[in-house]
Amino acid sequence: IPMHSYRMLLIILMTAFFAATNAYSSETINFGTYTSDEFQNYWYSQGAEISRFKLQQSRYGEIHDGDAVLVFVTEELNRATQVKADRPGRQNVPVLKLNAVRKFFTGIYPYSIMTSIFAPINVREYPLPLKITSSTQEWCGQVYTQMNLGDGEYRVRSHSYFEEEGDQNFNLKKHVPEDAIWTMIRLAPQNLPRGDFFVIPGTVFSRLMHRALTPQKALATLEPFDGKSLEGQSLVRYTIDFSKEQRSLRIVFEKDFPYRIQNWEDSHRGLRGMNSKALTTRATRTHTIMNAYWQHHGNKDRASLKKLGLAAREMGGN
């Protein structure tokens, strides 16, 4: 896409961004502004933004140490097929893609979880992601969920090794997916839902907790947060309370562009609901690099893992 097209998209994006209101916030948050050149330079000139988080994951009534990695990168999505475009064309939509990865051990066996969100940069025309996928692998088996946005609803396809979940195909009304919050923070945080709203629970939470992927009412707030990011920037905290699940998701991110996520907490009861104690998954950002990782796939490139704080775990250390 020519540079002038990117600039036009960014103008549309910022128009929607500054038109949003704070009708439901208890305290007004004035997010920092940015120019189209700043957006272009950060998201199109330096490769992907890759961040490593120290992860403490709740599972089976305990907390398990691990790593989370958020990879934000721009690419083009074919609007018709909703897959990555192989060639330029009018049917393509520029998106900010998030690949969110978690890895941790529960006892003897490992978990590997990945969620992908494809959020159009033009948030005025496409306020919600066009596609969301998630998968979980561990020694018992694997599960996979895919959501594709159509006319007023998400088409959901779900596969699981559990008999009661099995293979499913169904549609969901176009409410805000919890998974969309992560890219919304990076593209237009002023547009985050505030107050009471209906949300489609996160695909990973729903599968780990064996919950139906059903929209539910939630309450969201946005407020200043003490402390600074790794880069020394001021922070805000976005909280979603799910009363039905007795769950609270809290995401802390920078108030100014590029709105990097600094940490998150997810508190809820375990698989047995009211009969289990509440535990909190925590993730804190420790490293961030800008890297065109798709060009660095040789054995010699493994040294770059040190820059992400992943060298010891990924290279066989302690």
# chains A, B, ... in the order shown; residues from 1 in each chain; ligands from 1
$ select_by_dssp --residues "range 119-281 of chain A" --states "alpha helix (DSSP H)" --output "PyMOL selection string"
chain A and resi 180-187+203-208
$ residues_around --residues "range 92-106 of chain A" --least-positions-apart "5" --cutoff "7 Å" --atoms "only C-alpha atoms" --output "PDB file with N, CA and C atoms, in the first residue's frame"
ATOM      1  N   HIS A  64       2.043 -21.424  38.782  1.00  0.00           N
ATOM      2  CA  HIS A  64       3.152 -22.047  38.064  1.00  0.00           C
ATOM      3  C   HIS A  64       3.957 -20.968  37.337  1.00  0.00           C
ATOM      4  N   ASP A  65       5.275 -20.980  37.517  1.00  0.00           N
ATOM      5  CA  ASP A  65       6.146 -20.005  36.859  1.00  0.00           C
ATOM      6  C   ASP A  65       6.309 -20.340  35.378  1.00  0.00           C
ATOM      7  N   GLY A  66       6.430 -19.298  34.575  1.00  0.00           N
ATOM      8  CA  GLY A  66       6.630 -19.487  33.146  1.00  0.00           C
ATOM      9  C   GLY A  66       6.960 -18.187  32.460  1.00  0.00           C
ATOM     10  N   ASP A  67       6.795 -18.161  31.159  1.00  0.00           N
ATOM     11  CA  ASP A  67       7.055 -16.978  30.335  1.00  0.00           C
ATOM     12  C   ASP A  67       5.846 -16.676  29.470  1.00  0.00           C
ATOM     13  N   ALA A  68       5.589 -15.392  29.265  1.00  0.00           N
ATOM     14  CA  ALA A  68       4.612 -14.948  28.274  1.00  0.00           C
ATOM     15  C   ALA A  68       5.337 -14.025  27.305  1.00  0.00           C
ATOM     16  N   VAL A  69       4.999 -14.123  26.037  1.00  0.00           N
ATOM     17  CA  VAL A  69       5.586 -13.258  25.013  1.00  0.00           C
ATOM     18  C   VAL A  69       4.449 -12.670  24.183  1.00  0.00           C
ATOM     19  N   LEU A  70       4.445 -11.341  24.047  1.00  0.00           N
ATOM     20  CA  LEU A  70       3.487 -10.657  23.182  1.00  0.00           C
ATOM     21  C   LEU A  70       4.234 -10.142  21.958  1.00  0.00           C
ATOM     22  N   VAL A  71       3.807 -10.579  20.792  1.00  0.00           N
ATOM     23  CA  VAL A  71       4.409 -10.146  19.529  1.00  0.00           C
ATOM     24  C   VAL A  71       3.369  -9.329  18.775  1.00  0.00           C
ATOM     25  N   PHE A  72       3.613  -8.016  18.669  1.00  0.00           N
ATOM     26  CA  PHE A  72       2.748  -7.126  17.895  1.00  0.00           C
ATOM     27  C   PHE A  72       3.447  -6.808  16.574  1.00  0.00           C
ATOM     28  N   VAL A  73       2.740  -7.009  15.459  1.00  0.00           N
ATOM     29  CA  VAL A  73       3.352  -6.765  14.161  1.00  0.00           C
ATOM     30  C   VAL A  73       2.260  -6.371  13.166  1.00  0.00           C
ATOM     31  N   THR A  74       2.605  -5.500  12.227  1.00  0.00           N
ATOM     32  CA  THR A  74       1.652  -5.097  11.188  1.00  0.00           C
ATOM     33  C   THR A  74       1.789  -6.005   9.975  1.00  0.00           C
ATOM     34  N   GLU A  75       0.661  -6.307   9.348  1.00  0.00           N
ATOM     35  CA  GLU A  75       0.641  -7.063   8.109  1.00  0.00           C
ATOM     36  C   GLU A  75      -0.679  -6.776   7.399  1.00  0.00           C
ATOM     37  N   GLU A  76      -0.901  -7.414   6.269  1.00  0.00           N
ATOM     38  CA  GLU A  76      -2.149  -7.223   5.535  1.00  0.00           C
ATOM     39  C   GLU A  76      -2.955  -8.523   5.547  1.00  0.00           C
ATOM     40  N   LEU A  77      -4.260  -8.357   5.777  1.00  0.00           N
ATOM     41  CA  LEU A  77      -5.177  -9.483   5.823  1.00  0.00           C
ATOM     42  C   LEU A  77      -6.110  -9.410   4.629  1.00  0.00           C
ATOM     43  N   ASN A  78      -6.272 -10.536   3.955  1.00  0.00           N
ATOM     44  CA  ASN A  78      -7.250 -10.592   2.868  1.00  0.00           C
ATOM     45  C   ASN A  78      -8.643 -10.522   3.482  1.00  0.00           C
ATOM     46  N   ARG A  79      -9.411  -9.483   3.134  1.00  0.00           N
ATOM     47  CA  ARG A  79     -10.705  -9.256   3.756  1.00  0.00           C
ATOM     48  C   ARG A  79     -11.687 -10.396   3.469  1.00  0.00           C
ATOM     49  N   ALA A  85      -2.454 -11.874   3.524  1.00  0.00           N
ATOM     50  CA  ALA A  85      -2.403 -11.669   2.078  1.00  0.00           C
ATOM     51  C   ALA A  85      -1.020 -12.000   1.527  1.00  0.00           C
ATOM     52  N   TYR A 111       2.642 -26.738  29.298  1.00  0.00           N
ATOM     53  CA  TYR A 111       1.538 -26.101  28.584  1.00  0.00           C
ATOM     54  C   TYR A 111       2.125 -25.113  27.576  1.00  0.00           C
ATOM     55  N   SER A 112       1.530 -25.068  26.396  1.00  0.00           N
ATOM     56  CA  SER A 112       1.868 -24.058  25.399  1.00  0.00           C
ATOM     57  C   SER A 112       0.563 -23.472  24.871  1.00  0.00           C
ATOM     58  N   ILE A 113       0.370 -22.159  25.057  1.00  0.00           N
ATOM     59  CA  ILE A 113      -0.873 -21.486  24.700  1.00  0.00           C
ATOM     60  C   ILE A 113      -0.557 -20.328  23.754  1.00  0.00           C
ATOM     61  N   MET A 114      -1.348 -20.186  22.712  1.00  0.00           N
ATOM     62  CA  MET A 114      -1.136 -19.070  21.783  1.00  0.00           C
ATOM     63  C   MET A 114      -2.476 -18.523  21.324  1.00  0.00           C
ATOM     64  N   THR A 115      -2.594 -17.202  21.375  1.00  0.00           N
ATOM     65  CA  THR A 115      -3.769 -16.487  20.866  1.00  0.00           C
ATOM     66  C   THR A 115      -3.323 -15.491  19.811  1.00  0.00           C
ATOM     67  N   SER A 116      -4.039 -15.432  18.695  1.00  0.00           N
ATOM     68  CA  SER A 116      -3.744 -14.477  17.634  1.00  0.00           C
ATOM     69  C   SER A 116      -4.957 -13.588  17.411  1.00  0.00           C
ATOM     70  N   ILE A 117      -4.726 -12.271  17.392  1.00  0.00           N
ATOM     71  CA  ILE A 117      -5.798 -11.297  17.159  1.00  0.00           C
ATOM     72  C   ILE A 117      -5.412 -10.457  15.955  1.00  0.00           C
ATOM     73  N   PHE A 118      -6.326 -10.332  14.999  1.00  0.00           N
ATOM     74  CA  PHE A 118      -6.085  -9.579  13.765  1.00  0.00           C
ATOM     75  C   PHE A 118      -6.993  -8.348  13.780  1.00  0.00           C
ATOM     76  N   ALA A 119      -6.450  -7.211  14.183  1.00  0.00           N
ATOM     77  CA  ALA A 119      -7.236  -5.989  14.388  1.00  0.00           C
ATOM     78  C   ALA A 119      -6.907  -4.962  13.306  1.00  0.00           C
ATOM     79  N   PRO A 120      -7.874  -4.580  12.472  1.00  0.00           N
ATOM     80  CA  PRO A 120      -7.615  -3.560  11.445  1.00  0.00           C
ATOM     81  C   PRO A 120      -7.135  -2.245  12.049  1.00  0.00           C
ATOM     82  N   ILE A 121      -6.197  -1.611  11.386  1.00  0.00           N
ATOM     83  CA  ILE A 121      -5.676  -0.326  11.834  1.00  0.00           C
ATOM     84  C   ILE A 121      -6.731   0.759  11.680  1.00  0.00           C
ATOM     85  N   THR A 183      -5.437  -5.463  21.521  1.00  0.00           N
ATOM     86  CA  THR A 183      -5.071  -4.650  20.359  1.00  0.00           C
ATOM     87  C   THR A 183      -5.739  -3.280  20.410  1.00  0.00           C
TER      88      THR A 183
END
$ residues_around --residues "Gly227 in chain A" --least-positions-apart "2" --cutoff "12 Å" --atoms "only C-alpha atoms" --output "JSON, numbers by chain"
{"A": [224, 225, 229, 230, 231, 232, 233, 234, 235, 236, 237, 252, 253, 254, 255, 262, 263]}
$ write_last_selection --atoms "N, CA, C and O atoms" --output "compact mmCIF listing (two decimals), in the first residue's frame"
# COMPACT_ATOMS: atom_id res chain seq x y z
N PRO A 224 -5.86 6.16 36.48
CA PRO A 224 -4.40 6.30 36.55
C PRO A 224 -3.81 5.20 37.43
O PRO A 224 -4.48 4.65 38.31
N PHE A 225 -2.54 4.88 37.20
CA PHE A 225 -1.86 3.83 37.96
C PHE A 225 -0.49 4.31 38.36
O PHE A 225 0.26 4.85 37.54
N SER A 229 6.52 2.58 33.38
CA SER A 229 6.81 1.44 32.53
C SER A 229 8.32 1.22 32.48
O SER A 229 9.10 2.00 33.05
N LEU A 230 8.74 0.16 31.81
CA LEU A 230 10.18 -0.08 31.63
C LEU A 230 10.88 1.11 31.01
O LEU A 230 12.05 1.39 31.31
N GLU A 231 10.16 1.83 30.17
CA GLU A 231 10.74 2.99 29.47
C GLU A 231 10.55 4.28 30.23
O GLU A 231 10.88 5.36 29.72
N GLY A 232 9.99 4.21 31.45
CA GLY A 232 9.82 5.40 32.28
C GLY A 232 8.58 6.21 31.99
O GLY A 232 8.48 7.38 32.40
N GLN A 233 7.59 5.61 31.30
CA GLN A 233 6.38 6.34 30.94
C GLN A 233 5.28 6.16 31.99
O GLN A 233 5.24 5.15 32.70
N SER A 234 4.38 7.14 32.09
CA SER A 234 3.26 7.07 33.00
C SER A 234 2.30 5.96 32.58
O SER A 234 2.19 5.62 31.40
N LEU A 235 1.57 5.41 33.57
CA LEU A 235 0.74 4.24 33.34
C LEU A 235 -0.72 4.49 33.69
O LEU A 235 -1.03 5.37 34.50
N VAL A 236 -1.60 3.71 33.09
CA VAL A 236 -3.01 3.67 33.45
C VAL A 236 -3.40 2.21 33.60
O VAL A 236 -2.71 1.30 33.10
N ARG A 237 -4.52 1.96 34.29
CA ARG A 237 -4.99 0.59 34.48
C ARG A 237 -6.42 0.45 33.99
O ARG A 237 -7.30 1.24 34.34
N VAL A 252 -2.38 -3.08 32.84
CA VAL A 252 -1.69 -1.81 33.03
C VAL A 252 -0.86 -1.50 31.79
O VAL A 252 -0.10 -2.35 31.32
N PHE A 253 -1.03 -0.28 31.25
CA PHE A 253 -0.31 0.09 30.04
C PHE A 253 0.04 1.56 30.04
O PHE A 253 -0.45 2.34 30.87
N GLU A 254 0.90 1.96 29.12
CA GLU A 254 1.38 3.34 29.05
C GLU A 254 0.28 4.29 28.61
O GLU A 254 -0.52 3.96 27.72
N LYS A 255 0.29 5.48 29.21
CA LYS A 255 -0.71 6.49 28.86
C LYS A 255 -0.39 7.17 27.54
O LYS A 255 -1.28 7.74 26.89
N GLN A 262 2.41 -3.04 30.27
CA GLN A 262 3.44 -3.26 31.28
C GLN A 262 3.17 -4.50 32.13
O GLN A 262 4.10 -5.24 32.45
N ASN A 263 1.94 -4.74 32.50
CA ASN A 263 1.62 -5.95 33.25
C ASN A 263 0.13 -6.23 33.19
O ASN A 263 -0.66 -5.38 32.77
$ closest_residue --among "A:Leu187, A:Leu172, A:Val143, A:Leu249" --to "Pro215 in chain A" --atoms "only C-alpha atoms"
A:Leu172
$ atom_distance --atom1 "CA of Gly141 in chain A" --atom2 "CA of Ala311 in chain A"
27.3 Å
$ residues_around --residues "Ala212 in chain A" --least-positions-apart "2" --cutoff "12 Å" --atoms "only C-alpha atoms" --output "tab-separated table (two decimals) with N, CA and C atoms, in the first residue's frame"
chain	number	residue	atom	x	y	z
A	145	THR	N	-9.69	-22.88	18.85
A	145	THR	CA	-10.88	-22.06	18.62
A	145	THR	C	-10.56	-20.99	17.58
A	156	VAL	N	-17.95	-19.04	14.90
A	156	VAL	CA	-17.01	-19.72	15.79
A	156	VAL	C	-16.90	-21.18	15.40
A	158	SER	N	-14.82	-24.58	16.88
A	158	SER	CA	-14.10	-24.99	18.07
A	158	SER	C	-13.86	-26.49	18.03
A	164	GLU	N	-17.18	-33.86	25.80
A	164	GLU	CA	-18.32	-32.96	25.96
A	164	GLU	C	-18.16	-31.67	25.16
A	165	GLU	N	-16.94	-31.31	24.82
A	165	GLU	CA	-16.70	-30.10	24.02
A	165	GLU	C	-16.61	-30.43	22.54
A	168	GLN	N	-17.39	-28.10	17.42
A	168	GLN	CA	-18.56	-27.23	17.46
A	168	GLN	C	-18.47	-26.14	16.40
A	170	PHE	N	-20.79	-22.55	15.68
A	170	PHE	CA	-21.93	-21.73	16.09
A	170	PHE	C	-21.59	-20.26	15.85
A	172	LEU	N	-21.95	-16.09	17.24
A	172	LEU	CA	-22.12	-15.21	18.39
A	172	LEU	C	-22.44	-13.80	17.89
A	200	ILE	N	-17.58	-10.89	25.01
A	200	ILE	CA	-17.35	-12.30	24.73
A	200	ILE	C	-16.09	-12.70	25.50
A	201	PRO	N	-16.19	-13.57	26.49
A	201	PRO	CA	-15.02	-13.91	27.31
A	201	PRO	C	-13.84	-14.38	26.47
A	202	GLY	N	-12.65	-14.22	27.01
A	202	GLY	CA	-11.44	-14.61	26.30
A	202	GLY	C	-11.43	-16.07	25.91
A	203	THR	N	-10.91	-16.36	24.73
A	203	THR	CA	-10.90	-17.73	24.24
A	203	THR	C	-10.06	-18.65	25.11
A	204	VAL	N	-8.93	-18.16	25.62
A	204	VAL	CA	-8.08	-18.99	26.46
A	204	VAL	C	-8.75	-19.26	27.81
A	205	PHE	N	-9.29	-18.21	28.45
A	205	PHE	CA	-9.98	-18.39	29.72
A	205	PHE	C	-11.12	-19.39	29.58
A	206	SER	N	-11.92	-19.25	28.54
A	206	SER	CA	-13.08	-20.12	28.36
A	206	SER	C	-12.68	-21.58	28.21
A	207	ARG	N	-11.60	-21.84	27.48
A	207	ARG	CA	-11.20	-23.22	27.26
A	207	ARG	C	-10.51	-23.81	28.48
A	208	LEU	N	-9.65	-23.04	29.16
A	208	LEU	CA	-8.99	-23.57	30.36
A	208	LEU	C	-9.99	-23.85	31.47
A	209	MET	N	-11.05	-23.05	31.53
A	209	MET	CA	-12.06	-23.22	32.57
A	209	MET	C	-13.24	-24.06	32.11
A	210	HIS	N	-13.19	-24.53	30.87
A	210	HIS	CA	-14.27	-25.35	30.29
A	210	HIS	C	-15.62	-24.64	30.39
A	214	THR	N	-19.85	-17.78	25.73
A	214	THR	CA	-21.13	-17.07	25.70
A	214	THR	C	-20.97	-15.63	26.18
A	215	PRO	N	-21.49	-14.64	25.45
A	215	PRO	CA	-21.39	-13.24	25.91
A	215	PRO	C	-21.99	-13.07	27.30
A	216	GLN	N	-21.38	-12.21	28.10
A	216	GLN	CA	-21.88	-11.94	29.43
A	216	GLN	C	-21.66	-10.47	29.78
A	245	GLU	N	-18.62	-14.65	36.67
A	245	GLU	CA	-17.50	-15.54	36.90
A	245	GLU	C	-16.75	-15.22	38.19
$ closest_residue --among "A:Thr221, A:Gln56, A:Thr133, A:Gln40" --to "Asp266 in chain A" --atoms "only C-alpha atoms"
A:Gln56
$ closest_residue --among "A:Asn291, A:Thr28, A:Gln137, A:Thr35" --to "Ile50 in chain A" --atoms "only C-alpha atoms"
A:Asn291
$ closest_residue --among "A:Glu223, A:Asp151, A:Glu138, A:Glu163" --to "Tyr126 in chain A" --atoms "only C-alpha atoms"
A:Asp151
$ closest_residue --among "A:Asp241, A:Glu125, A:Asp37, A:Asp301" --to "Leu222 in chain A" --atoms "only C-alpha atoms"
A:Asp241
$ atom_distance --atom1 "CA of Glu265 in chain A" --atom2 "CA of Thr281 in chain A"
5.5 Å
$ atom_distance --atom1 "CA of Leu149 in chain A" --atom2 "CA of Arg247 in chain A"
26.1 Å
$ closest_residue --among "A:Leu130, A:Asp167, A:Tyr238, A:Ser267" --to "Arg155 in chain A" --atoms "only C-alpha atoms"
A:Leu130
$ residues_around --residues "Gly152 in chain A" --least-positions-apart "6" --cutoff "10 Å" --atoms "only C-alpha atoms" --output "list in words"
Asn171, Leu172, Lys173, Lys174 and His175 of chain A
$ decode --residues "range 132-153 of chain A" --atoms "C-alpha atoms" --output "short mmCIF file (atom, residue, chain, number, x, y, z; two decimals), in the first residue's frame"
data_model
loop_
_atom_site.label_atom_id
_atom_site.label_comp_id
_atom_site.auth_asym_id
_atom_site.auth_seq_id
_atom_site.Cartn_x
_atom_site.Cartn_y
_atom_site.Cartn_z
CA ILE A 132 -9.29 -14.36 16.57
CA THR A 133 -7.69 -17.77 17.00
CA SER A 134 -6.37 -19.62 20.03
CA SER A 135 -4.84 -23.01 20.72
CA THR A 136 -3.67 -24.89 23.78
CA GLN A 137 -1.33 -27.88 23.74
CA GLU A 138 -0.33 -30.08 26.67
CA TRP A 139 0.39 -33.78 27.09
CA CYS A 140 -3.30 -34.69 27.52
CA GLY A 141 -4.22 -33.21 24.12
CA GLN A 142 -4.98 -29.97 22.31
CA VAL A 143 -7.86 -27.56 21.73
CA TYR A 144 -8.41 -24.92 19.07
CA THR A 145 -10.88 -22.06 18.62
CA GLN A 146 -11.35 -19.68 15.68
CA MET A 147 -13.65 -16.65 15.45
CA ASN A 148 -14.28 -14.89 12.11
CA LEU A 149 -16.26 -11.65 11.95
CA GLY A 150 -19.08 -11.57 9.41
CA ASP A 151 -22.28 -9.53 9.09
CA GLY A 152 -23.13 -8.59 12.63
CA GLU A 153 -21.77 -11.75 14.25
#
